[in-house]
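A.B. asks: I'm passing along work05.txt; it holds compact mmCIF, C-alpha atoms and all ligand atoms.
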```txt
# COMPACT_ATOMS: atom_id res chain seq x y z
CA MET A 1 149.87 104.05 53.64
CA GLN A 2 146.55 102.37 54.39
CA LYS A 3 143.80 105.00 54.43
CA LEU A 4 140.35 104.54 55.90
CA TYR A 5 136.67 105.20 55.28
CA VAL A 6 134.46 105.62 58.31
CA ALA A 7 130.74 105.22 57.62
CA MET A 8 128.32 106.30 60.32
CA VAL A 9 125.25 104.11 60.92
CA GLY A 10 122.10 104.79 62.90
CA LEU A 11 118.53 105.99 62.87
CA PRO A 12 117.97 109.77 62.81
CA ALA A 13 118.60 111.64 66.08
CA ARG A 14 121.05 109.10 67.51
CA GLY A 15 124.03 111.45 67.69
CA LYS A 16 125.79 110.41 64.46
CA SER A 17 126.78 113.89 63.30
CA THR A 18 128.20 114.86 66.70
CA LEU A 19 130.32 111.71 66.75
CA ALA A 20 131.35 112.22 63.12
CA ARG A 21 132.57 115.73 64.01
CA ARG A 22 134.44 114.41 67.03
CA ILE A 23 136.18 111.76 64.96
CA ARG A 24 137.15 114.44 62.45
CA ASP A 25 138.31 116.94 65.08
CA GLY A 26 140.12 114.31 67.13
CA LEU A 27 142.02 113.05 64.09
CA LEU A 28 142.82 116.56 62.87
CA ALA A 29 144.28 117.30 66.31
CA GLU A 30 146.61 114.34 65.76
CA GLY A 31 147.70 115.81 62.41
CA ILE A 32 145.62 113.28 60.43
CA GLN A 33 143.72 114.63 57.41
CA ALA A 34 140.04 113.81 58.04
CA ARG A 35 136.91 115.15 56.33
CA ILE A 36 133.17 114.62 56.63
CA PHE A 37 130.96 113.85 53.63
CA ASN A 38 127.39 114.43 54.78
CA ASN A 39 124.49 113.03 52.76
CA GLY A 40 121.98 115.31 54.49
CA ASP A 41 123.83 118.46 53.49
CA MET A 42 124.03 117.28 49.90
CA ARG A 43 120.34 116.31 49.93
CA ARG A 44 119.24 119.72 51.22
CA ALA A 45 121.40 121.50 48.64
CA MET A 46 120.21 119.31 45.76
CA MET A 47 116.59 118.58 46.59
CA GLY A 48 115.42 121.37 48.89
CA ALA A 49 111.99 121.28 50.52
CA GLU A 50 110.78 118.25 48.62
CA SER A 51 113.18 116.05 50.57
CA THR A 52 111.83 117.24 53.92
CA GLU A 53 108.50 115.50 53.27
CA PRO A 54 108.33 112.14 55.01
CA ASP A 55 107.22 110.41 51.82
CA PHE A 56 110.67 111.05 50.38
CA TYR A 57 111.87 108.38 52.87
CA ASN A 58 109.13 105.86 52.14
CA PRO A 59 110.98 102.75 50.93
CA ASP A 60 108.15 102.19 48.41
CA ASN A 61 108.67 105.62 46.86
CA SER A 62 111.04 104.85 43.99
CA PHE A 63 111.77 108.54 43.32
CA GLY A 64 112.94 109.14 46.89
CA ARG A 65 114.83 105.85 47.03
CA GLU A 66 116.72 106.58 43.83
CA ALA A 67 117.46 110.18 44.82
CA ARG A 68 118.90 109.03 48.14
CA GLU A 69 121.00 106.39 46.46
CA LEU A 70 122.30 108.94 43.96
CA ILE A 71 123.31 111.23 46.81
CA ALA A 72 125.04 108.35 48.59
CA ARG A 73 126.93 107.42 45.42
CA ARG A 74 128.01 111.02 44.80
CA ASN A 75 129.27 111.38 48.33
CA MET A 76 131.17 108.10 48.07
CA GLN A 77 132.72 109.32 44.84
CA GLN A 78 133.76 112.59 46.44
CA ALA A 79 135.20 110.76 49.45
CA ARG A 80 137.15 108.41 47.19
CA THR A 81 138.56 111.25 45.12
CA TRP A 82 139.54 113.13 48.27
CA LEU A 83 141.44 110.12 49.66
CA ALA A 84 143.17 109.68 46.31
CA GLU A 85 144.26 113.31 46.43
CA GLY A 86 145.89 113.15 49.84
CA GLY A 87 143.12 112.80 52.43
CA GLU A 88 143.61 110.10 55.05
CA VAL A 89 140.26 109.36 56.74
CA ALA A 90 136.98 110.08 54.91
CA ILE A 91 133.90 110.07 57.14
CA LEU A 92 130.55 109.32 55.50
CA ASP A 93 127.83 110.83 57.65
CA ALA A 94 124.44 109.33 56.81
CA THR A 95 122.00 106.84 58.31
CA ASN A 96 123.37 103.94 56.21
CA ALA A 97 120.52 102.07 57.83
CA SER A 98 120.06 99.04 55.60
CA ARG A 99 122.42 96.16 55.07
CA ALA A 100 122.00 96.65 51.32
CA ARG A 101 123.27 100.25 51.56
CA ARG A 102 126.26 99.13 53.59
CA ALA A 103 127.01 96.34 51.12
CA LEU A 104 126.96 98.97 48.38
CA ILE A 105 129.44 101.08 50.35
CA GLU A 106 131.82 98.15 50.89
CA LYS A 107 131.55 97.20 47.21
CA THR A 108 132.04 100.75 45.90
CA LEU A 109 134.76 101.86 48.28
CA ASN A 110 137.03 98.91 47.71
CA ASP A 111 140.34 100.77 47.63
CA TYR A 112 140.64 101.06 51.42
CA PRO A 113 138.91 99.42 54.42
CA VAL A 114 135.51 100.73 55.54
CA LEU A 115 134.88 100.98 59.27
CA PHE A 116 131.19 101.30 60.18
CA VAL A 117 130.38 103.18 63.38
CA GLU A 118 126.87 102.54 64.63
CA CYS A 119 125.35 105.03 67.09
CA VAL A 120 122.83 103.73 69.58
CA ASN A 121 120.75 105.96 71.84
CA GLU A 122 118.09 104.21 73.84
CA ASP A 123 117.49 106.90 76.44
CA PRO A 124 113.87 107.98 75.82
CA LEU A 125 114.41 111.42 77.36
CA LEU A 126 117.35 112.13 75.07
CA LEU A 127 115.67 110.70 72.03
CA ASN A 128 112.64 112.83 72.62
CA ALA A 129 114.68 115.98 73.15
CA CYS A 130 116.81 115.28 70.07
CA ILE A 131 113.76 114.77 67.91
CA ARG A 132 112.23 118.01 69.19
CA ARG A 133 115.44 119.85 68.49
CA LYS A 134 115.53 118.58 64.91
CA THR A 135 112.16 120.20 64.33
CA THR A 136 113.70 123.60 65.04
CA LEU A 137 116.22 123.28 62.18
CA PRO A 138 115.92 125.60 59.14
CA GLU A 139 114.69 122.59 57.15
CA TYR A 140 111.39 122.80 59.07
CA ALA A 141 111.08 126.58 59.03
CA ALA A 142 107.85 126.42 57.01
CA TYR A 143 106.21 123.92 59.43
CA SER A 144 104.42 124.46 62.70
CA GLU A 145 106.15 122.75 65.63
CA GLU A 146 103.59 119.95 65.70
CA GLU A 147 103.69 119.42 61.91
CA ALA A 148 107.48 119.30 62.01
CA LEU A 149 107.38 116.77 64.84
CA GLN A 150 104.92 114.48 63.06
CA SER A 151 106.85 114.77 59.81
CA PHE A 152 110.16 113.89 61.45
CA LEU A 153 108.65 110.98 63.41
CA LYS A 154 107.22 109.59 60.18
CA ARG A 155 110.66 109.86 58.60
CA ILE A 156 112.14 107.86 61.48
CA ASP A 157 109.38 105.25 61.08
CA TYR A 158 110.34 104.74 57.46
CA TYR A 159 113.98 104.35 58.37
CA GLN A 160 113.02 101.90 61.07
CA THR A 161 111.43 99.60 58.50
CA ILE A 162 114.74 99.23 56.63
CA TYR A 163 117.09 99.38 59.60
CA ASP A 164 119.42 96.44 60.22
CA PRO A 165 121.93 96.56 63.06
CA LEU A 166 125.56 95.88 62.15
CA GLY A 167 126.85 92.36 62.09
CA GLU A 168 127.75 91.13 58.64
CA GLU A 169 130.05 94.00 57.73
CA LYS A 170 133.79 93.46 57.81
CA PHE A 171 134.83 96.11 60.35
CA TRP A 172 132.58 97.87 62.79
CA LEU A 173 132.16 99.55 66.14
CA CYS A 174 128.84 99.89 67.90
CA VAL A 175 128.77 102.86 70.29
CA ASP A 176 126.38 104.03 72.97
CA SER A 177 126.49 107.64 71.85
CA THR A 178 125.08 108.87 75.16
CA ALA A 179 127.82 107.35 77.30
CA ASN A 180 131.11 107.25 75.38
CA ARG A 181 130.93 103.49 75.55
CA ILE A 182 131.72 100.84 72.97
CA LEU A 183 129.05 98.18 73.05
CA ASP A 184 130.57 95.76 70.56
CA GLU A 185 133.12 95.75 67.78
CA ARG A 186 134.82 93.90 64.98
CA ALA A 187 138.20 95.57 65.04
CA CYS A 188 139.84 96.95 61.96
CA GLU A 189 143.14 95.23 62.77
CA GLY A 190 146.14 96.76 61.15
CA SER A 191 144.58 100.18 60.47
CA PRO A 192 146.79 102.84 62.03
CA TYR A 193 143.69 105.00 62.58
CA TYR A 194 141.59 102.45 64.41
CA PRO A 195 143.09 102.90 67.90
CA ALA A 196 142.83 106.69 67.57
CA ILE A 197 139.17 106.53 66.54
CA ARG A 198 138.38 104.11 69.34
CA GLU A 199 140.06 106.45 71.82
CA ILE A 200 138.09 109.43 70.49
CA LEU A 201 134.82 107.54 70.86
CA VAL A 202 135.41 106.62 74.50
CA SER A 203 136.77 110.02 75.56
CA VAL A 204 134.71 112.64 77.36
CA TRP A 205 134.32 115.73 75.16
CA VAL A 206 133.26 118.95 76.74
CA HIS A 207 133.75 121.90 74.48
CA SER A 208 132.67 124.50 76.99
CA LEU A 209 130.82 123.87 80.21
CA TYR A 210 130.00 126.56 82.75
CA LEU A 211 129.13 125.18 86.15
CA ALA A 212 127.50 127.52 88.67
CA ARG A 213 125.79 127.06 91.99
CA HIS A 214 122.46 128.77 92.65
CA GLY A 215 122.52 132.11 94.46
CA GLN A 216 121.92 132.54 98.17
CA THR A 217 118.60 131.45 99.70
CA GLU A 218 117.06 132.10 103.12
CA PHE A 219 117.81 128.45 103.96
CA ASN A 220 121.50 129.08 103.24
CA VAL A 221 121.45 132.05 105.61
CA GLN A 222 119.82 129.98 108.36
CA GLY A 223 121.89 126.83 107.82
CA ARG A 224 118.80 124.85 106.81
CA ILE A 225 119.14 122.03 104.29
CA GLY A 226 117.16 120.89 101.26
CA GLY A 227 113.66 122.22 100.61
CA ASP A 228 112.65 124.48 97.77
CA PRO A 229 113.33 128.02 98.95
CA PRO A 230 113.53 131.06 96.64
CA LEU A 231 116.61 133.28 96.34
CA THR A 232 117.17 136.14 98.77
CA ALA A 233 117.83 139.66 97.43
CA LYS A 234 121.55 138.85 97.64
CA GLY A 235 120.94 135.61 95.74
CA ARG A 236 119.11 137.48 92.99
CA ALA A 237 121.98 139.95 92.76
CA GLN A 238 124.37 137.00 92.44
CA ALA A 239 122.22 135.62 89.62
CA GLU A 240 122.31 139.00 87.85
CA ALA A 241 126.08 139.13 88.31
CA LEU A 242 126.44 135.67 86.80
CA ALA A 243 124.42 136.77 83.76
CA ARG A 244 126.52 139.91 83.40
CA HIS A 245 129.68 137.89 83.62
CA LEU A 246 128.57 135.39 81.01
CA ARG A 247 127.57 138.20 78.66
CA GLY A 248 129.50 137.90 75.44
CA ARG A 249 130.17 134.22 76.07
CA GLU A 250 128.30 131.69 74.04
CA VAL A 251 125.83 129.55 76.01
CA GLU A 252 123.39 127.55 73.92
CA TRP A 253 122.06 125.12 76.52
CA VAL A 254 121.12 125.81 80.12
CA PHE A 255 120.44 122.90 82.46
CA THR A 256 118.91 123.50 85.87
CA SER A 257 117.59 121.23 88.60
CA THR A 258 113.85 121.17 89.17
CA ARG A 259 114.29 123.48 92.19
CA LEU A 260 113.19 127.09 92.32
CA ARG A 261 116.59 128.42 93.40
CA SER A 262 118.23 126.87 90.37
CA HIS A 263 115.57 128.29 88.00
CA GLU A 264 115.79 131.72 89.56
CA THR A 265 119.57 131.74 89.18
CA ALA A 266 119.36 130.74 85.52
CA ALA A 267 116.61 133.25 84.71
CA PRO A 268 118.78 136.35 84.06
CA VAL A 269 121.17 134.30 81.88
CA LEU A 270 118.22 133.02 79.87
CA ALA A 271 116.59 136.44 79.61
CA GLU A 272 119.61 137.54 77.56
CA ARG A 273 119.51 134.46 75.33
CA PRO A 274 116.05 133.98 73.85
CA GLY A 275 117.35 131.29 71.48
CA ALA A 276 118.97 129.13 74.18
CA HIS A 277 117.60 125.69 74.98
CA VAL A 278 116.68 125.13 78.59
CA MET A 279 115.98 121.93 80.43
CA ALA A 280 115.34 121.07 84.07
CA LEU A 281 116.85 117.71 85.01
CA LYS A 282 115.87 116.12 88.29
CA GLU A 283 119.24 114.37 88.28
CA PHE A 284 120.63 117.78 89.30
CA ASP A 285 118.31 118.22 92.31
CA GLU A 286 120.21 118.69 95.55
CA ILE A 287 121.14 115.67 97.68
CA TRP A 288 117.93 114.33 99.22
CA ALA A 289 118.20 114.55 103.00
CA GLY A 290 115.19 112.27 103.61
CA ASP A 291 113.90 112.62 107.16
CA CYS A 292 116.20 115.62 107.65
CA GLU A 293 114.88 117.67 104.71
CA GLY A 294 114.24 121.26 105.75
CA MET A 295 116.02 120.93 109.11
CA LEU A 296 118.78 123.16 110.46
CA TYR A 297 122.22 121.56 110.84
CA THR A 298 122.01 122.48 114.54
CA GLU A 299 118.61 120.74 114.89
CA ILE A 300 119.99 117.60 113.31
CA ARG A 301 122.92 117.65 115.71
CA GLU A 302 120.59 117.97 118.70
CA ARG A 303 117.65 115.79 117.70
CA MET A 304 119.36 113.17 115.49
CA PRO A 305 122.97 112.97 116.76
CA GLU A 306 123.44 109.62 115.01
CA VAL A 307 123.06 111.42 111.65
CA THR A 308 125.76 113.96 112.49
CA ALA A 309 127.99 111.21 113.82
CA GLY A 310 127.39 109.05 110.73
CA ARG A 311 128.24 111.91 108.42
CA ASN A 312 131.32 112.83 110.43
CA ALA A 313 132.57 109.26 110.24
CA ASP A 314 131.93 108.75 106.53
CA LYS A 315 130.29 111.72 104.83
CA PHE A 316 130.64 110.22 101.36
CA GLY A 317 129.07 106.87 102.18
CA TYR A 318 126.52 107.88 104.83
CA ALA A 319 122.93 108.06 103.59
CA TYR A 320 120.40 110.26 105.43
CA PRO A 321 117.53 108.17 106.91
CA ASN A 322 115.21 107.69 103.92
CA GLY A 323 117.56 109.89 101.92
CA GLU A 324 120.72 109.85 99.90
CA SER A 325 124.48 109.64 100.40
CA TYR A 326 127.05 111.23 98.12
CA ALA A 327 127.78 107.74 96.82
CA ILE A 328 124.14 107.34 95.77
CA LEU A 329 124.03 110.87 94.44
CA ARG A 330 126.99 110.24 92.19
CA GLU A 331 125.01 107.71 90.15
CA ARG A 332 122.24 110.07 89.24
CA VAL A 333 124.49 113.10 88.73
CA GLN A 334 126.52 111.00 86.32
CA ARG A 335 123.34 110.16 84.40
CA GLY A 336 122.36 113.85 84.36
CA LEU A 337 125.77 114.91 83.10
CA ARG A 338 125.66 112.29 80.35
CA ARG A 339 122.30 113.58 79.28
CA ALA A 340 123.35 117.21 79.36
CA LEU A 341 126.54 116.59 77.39
CA PHE A 342 124.74 114.50 74.81
CA LEU A 343 122.03 117.10 74.27
CA ALA A 344 124.41 120.02 74.08
CA GLY A 345 126.62 118.10 71.66
CA ASP A 346 129.46 120.47 70.92
CA SER A 347 127.57 123.62 71.96
CA PRO A 348 128.54 125.53 75.11
CA LEU A 349 126.37 124.73 78.11
CA LEU A 350 125.67 126.03 81.58
CA ILE A 351 124.60 123.87 84.51
CA VAL A 352 123.11 125.65 87.52
CA GLY A 353 123.44 123.12 90.30
CA HIS A 354 123.63 122.91 94.07
CA GLN A 355 126.38 122.47 96.63
CA ALA A 356 126.49 118.66 96.73
CA ILE A 357 125.60 118.35 93.05
CA ASN A 358 128.46 120.59 91.99
CA ARG A 359 130.90 118.78 94.24
CA VAL A 360 130.02 115.56 92.49
CA LEU A 361 130.04 117.14 89.03
CA ILE A 362 133.50 118.58 89.56
CA THR A 363 134.85 115.24 90.69
CA LEU A 364 133.41 113.50 87.65
CA PHE A 365 135.92 115.58 85.69
CA LEU A 366 138.78 115.86 88.17
CA ARG A 367 139.58 112.68 89.96
CA GLN A 368 139.46 113.08 93.74
CA ARG A 369 139.47 110.64 96.61
CA SER A 370 135.81 109.87 97.40
CA GLU A 371 136.23 110.92 101.01
CA ASP A 372 137.24 114.43 99.91
CA VAL A 373 134.26 114.99 97.62
CA PRO A 374 131.77 116.17 100.29
CA TYR A 375 134.19 118.81 101.54
CA ILE A 376 134.94 120.65 98.29
CA TYR A 377 134.26 124.36 98.62
CA ILE A 378 131.41 125.50 96.33
CA PRO A 379 130.94 129.27 96.57
CA GLN A 380 127.88 131.12 95.31
CA ASN A 381 129.84 133.89 93.60
CA GLN A 382 132.18 131.88 91.40
CA TYR A 383 131.65 129.52 88.53
CA TYR A 384 133.77 126.89 86.88
CA HIS A 385 134.64 126.82 83.23
CA ILE A 386 135.54 123.37 81.98
CA SER A 387 136.76 122.42 78.52
CA LEU A 388 138.02 118.91 77.86
CA THR A 389 139.04 117.25 74.64
CA PRO A 390 141.58 114.46 74.30
CA ARG A 391 144.29 117.09 73.60
CA ARG A 392 143.15 120.04 75.72
CA LYS A 393 142.07 120.16 79.37
CA VAL A 394 140.91 123.46 80.84
CA PHE A 395 139.53 123.75 84.36
CA GLU A 396 139.24 127.27 85.76
CA ARG A 397 137.33 128.85 88.63
CA ILE A 398 136.14 132.34 87.85
CA PRO A 399 134.77 134.87 90.38
CA TYR A 400 131.83 137.06 89.35
O1 LIG A 501 123.24 123.85 102.70
C1 LIG A 501 122.92 123.92 101.37
C2 LIG A 501 122.87 122.56 100.76
O2 LIG A 501 122.70 122.69 99.37
C3 LIG A 501 121.79 121.62 101.34
O3 LIG A 501 120.55 121.71 100.73
C4 LIG A 501 122.42 120.28 101.18
O4 LIG A 501 121.83 119.30 102.01
C5 LIG A 501 123.86 120.58 101.53
O5 LIG A 501 124.11 121.86 100.98
C6 LIG A 501 124.88 119.63 101.02
O6 LIG A 501 126.13 119.89 101.65
P1 LIG A 501 126.62 119.02 102.90
O7 LIG A 501 126.68 117.62 102.37
O8 LIG A 501 127.98 119.58 103.21
O9 LIG A 501 125.66 119.14 104.02
```
Take the structure in this file and express it as C-alpha cells.
Ligand code: F6P

C.D. replies:
Amino acid sequence: MQKLYVAMVGLPARGKSTLARRIRDGLLAEGIQARIFNNGDMRRAMMGAESTEPDFYNPDNSFGREARELIARRNMQQARTWLAEGGEVAILDATNASRARRALIEKTLNDYPVLFVECVNEDPLLLNACIRRKTTLPEYAAYSEEEALQSFLKRIDYYQTIYDPLGEEKFWLCVDSTANRILDERACEGSPYYPAIREILVSVWVHSLYLARHGQTEFNVQGRIGGDPPLTAKGRAQAEALARHLRGREVEWVFTSTRLRSHETAAPVLAERPGAHVMALKEFDEIWAGDCEGMLYTEIRERMPEVTAGRNADKFGYAYPNGESYAILRERVQRGLRRALFLAGDSPLLIVGHQAINRVLITLFLRQRSEDVPYIYIPQNQYYHISLTPRRKVFERIPY
C-alpha cells in the first residue's frame, strides 16, 4: 500500500500546527494511522532556552543552522521508521521554509511520496493576534511581553529571508489557512490519502463553539433598535446565569462585538476565566440600521413607512437607508467567524453576539433559505452549542 508523508510549509504563526492536527485527527477518524512529527517540540526538548533566541534562526549562524538541520533529519528518520513499522501518513510539522530544506526532504524520504502543504495567512489582524499569542507560550516565560514580541518578530524576519513559496516540489497544496480554501495545488494523483486530506483542509472545523446573545437592554424593552445601550438589571442577571451555566465547561476564547451590551454579557464569563483570551470584533456588531439607528420600530412604521414596507417585502435583501441589509451583514459576519475560528484553533470559544448577528451565524452552519434568516428566533436566555468536524455534527440549543 502506498503510504504518504505530509510536510507542512509556512512562516511562523500561519496556522500550520492547527492544520497538521486536523489532518491527523481527520485521518484517524477514517481509521487511517496518522502521526505528527514536530520539529519545534524536538527543538525545545533538545536545545531549551538557547533556541528561543532569535539569533538561533539567523541563516548566517552556522550553529543554529546545523542544529535545525539535525532536528529535521532526526524527525524525518523517526517518521520513516514509523511508516516502516505500520504507520500510514506521517506529518512533518515545521516551517520547511526554504526550497533547499524541501529538496532535502524529498531526497531523504524517497520511499513514499511527499505532499507539501503550505499555509498562507495574509490577514493582518489574525497575523498580529497569532504572533501575540505565541509570546504567551511557556517558551517565552522568562521574557517580558515586549521582549517576547520583538524576539519572535526577529525570528520571523530570519525565516522570511530564506522563505520560498512552493512550486518546484512534486506534490503540493497551498491553503489559505484562515478560510478553509485551497489556493493552488499539484495533486498527488494515485495516493489514496490525497482526497481525504483535501477534504479535511476545506472542511469547517468547530470543536466547540458557544453562541449567546447579549442580555436584555432598555432598548429591547422599548422596541428600539441599534445604539449602544447597557444591560438592564434583568440583562445582567441573564449574563450571570450564562456564566453559571458555562461553569465547568472549557472556554478559552471569548469574542464579543464592540458594543457595550456584548461586553457586559461576556464579563461574568470572563471573570471566572482569568486565562481566557478575549477579543472584540466589529464584524459582530449588530446590523447597522443607518438613518433608523436608535429609533423605535413603531416610529419607523409611522415616520418612514417605506422602510417597514421594504423590510416586509424582502427583509433579507432590504438595506436600511445608509445602513445594512442581512445580505450585506452576512459578508462581514462570515469574515468575523473565519477570524474567530482561526484564532481559537481547536480551543473552545464563545461568541456573544446580537439578534441579527446570531441569526446569520447560525445559518452559516445550518443551511437555511435566505428569506428565513431574518425571522429566526434568538432568545436572550438560551445559547447554542455547536461542534462540527467532518464526522460529527452537533447543534444544540440550551436554556440557562
Ligand atoms: O431589537 C434588537 C436588535 O438587536 C436591533 O438592534 C436590531 O436592529 C434588530 O434586533 C435586528 O432584528 P430585526 O432585523 O428583526 O429588526

A.B. asks: To one decimal in Å, tell me the separation between atom CA of Ile386 of chain A and atom CA of Leu209 of chain A.

C.D. replies: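 These atoms are spaced 5.1 Å apart.
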
A.B. asks: To box segment 111-130 of chain A, take all atoms listed in the file, fit an axis-aligned box, add 4 Å on each side, and give centre and edge lengths in Å to one decimal, as lines of an AutoDock Vina configuration file.

C.D. replies:
```
center_x = 126.6
center_y = 107.7
center_z = 62.5
size_x = 36.0
size_y = 24.6
size_z = 37.7
```

A.B. asks: Find, counting only C-alpha atoms, the residue in A:Phe255, A:Tyr297, A:Tyr112, A:Phe316 that gets nearest to Asp285 of chain A.

C.D. replies: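 Once distances to Asp285 of chain A are computed over only C-alpha atoms, the minimum belongs to A:Phe255.
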
A.B. asks: For a quick check of understanding, using all atoms listed in the file, which of A:Asp228, A:Glu199, A:Glu218, A:Glu106 has the smallest distance to Lys170 of chain A?

C.D. replies: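 Closest to Lys170 of chain A, using all atoms listed in the file: A:Glu106.
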
A.B. asks: So what do you get for atom CA of Leu364 of chain A versus atom CA of Ala309 of chain A, distance-wise?

C.D. replies: 26.8 Å

A.B. asks: From the options A:Gly15, A:Pro379, A:Pro305, A:Gly223, which residue's atoms come nearest to ligand LIG 501 (chain A), counting all atoms listed in the file?

C.D. replies: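 Among the listed residues, the smallest separation from ligand LIG 501 (chain A) belongs to A:Gly223.
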
A.B. asks: Residues within 7 Å of ligand LIG 501 (chain A) (only C-alpha atoms and all ligand atoms), as a PyMOL selection string?

C.D. replies: chain A and resi 220+223-227+286-289+354-356+374-375

A.B. asks: Store the residues picked out above, limited to C-alpha atoms, as an mmCIF file, in the coordinates of the input.

C.D. replies:
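File produced: out08.cif:
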```cif
data_model
loop_
_atom_site.group_PDB
_atom_site.id
_atom_site.type_symbol
_atom_site.label_atom_id
_atom_site.label_comp_id
_atom_site.auth_asym_id
_atom_site.auth_seq_id
_atom_site.Cartn_x
_atom_site.Cartn_y
_atom_site.Cartn_z
ATOM 1 C CA ASN A 220 121.500 129.080 103.240
ATOM 2 C CA GLY A 223 121.890 126.830 107.820
ATOM 3 C CA ARG A 224 118.800 124.850 106.810
ATOM 4 C CA ILE A 225 119.140 122.030 104.290
ATOM 5 C CA GLY A 226 117.160 120.890 101.260
ATOM 6 C CA GLY A 227 113.660 122.220 100.610
ATOM 7 C CA GLU A 286 120.210 118.690 95.550
ATOM 8 C CA ILE A 287 121.140 115.670 97.680
ATOM 9 C CA TRP A 288 117.930 114.330 99.220
ATOM 10 C CA ALA A 289 118.200 114.550 103.000
ATOM 11 C CA HIS A 354 123.630 122.910 94.070
ATOM 12 C CA GLN A 355 126.380 122.470 96.630
ATOM 13 C CA ALA A 356 126.490 118.660 96.730
ATOM 14 C CA PRO A 374 131.770 116.170 100.290
ATOM 15 C CA TYR A 375 134.190 118.810 101.540
#
```

A.B. asks: Within 8 Å of Gly87 of chain A, counting all atoms listed in the file, which residues show up once you throw out same-chain ones fewer than 6 positions away? Write them as a list in words, please.

C.D. replies: Gln33, Ala34 and Arg35 of chain A

A.B. asks: Which residues come within 9 Å of Asp55 of chain A, counting only C-alpha atoms, excluding same-chain residues fewer than 3 positions away, as a ChimeraX atom specification?

C.D. replies: /A:51-52,58-61,64,154-155,158

A.B. asks: Determine, counting all atoms listed in the file, which protein, DNA and RNA residues have an atom within 10 Å of an atom of segment 22-24 of chain A; residues of the same chain fewer than 6 positions away are not included. Present the result as a ChimeraX atom specification.

C.D. replies: /A:6,16,32-36,89-91,196-201,203,205,345-346,389

A.B. asks: Write out as a PyMOL selection string the residues lying within 10 Å of Thr108 of chain A, counting all atoms listed in the file and excluding same-chain residues fewer than 5 positions away.

C.D. replies: chain A and resi 73+76-77+80+102-103

A.B. asks: Quick one, how far is atom CA of Leu153 of chain A from atom CA of Pro165 of chain A?

C.D. replies: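 It comes out at 19.6 Å.
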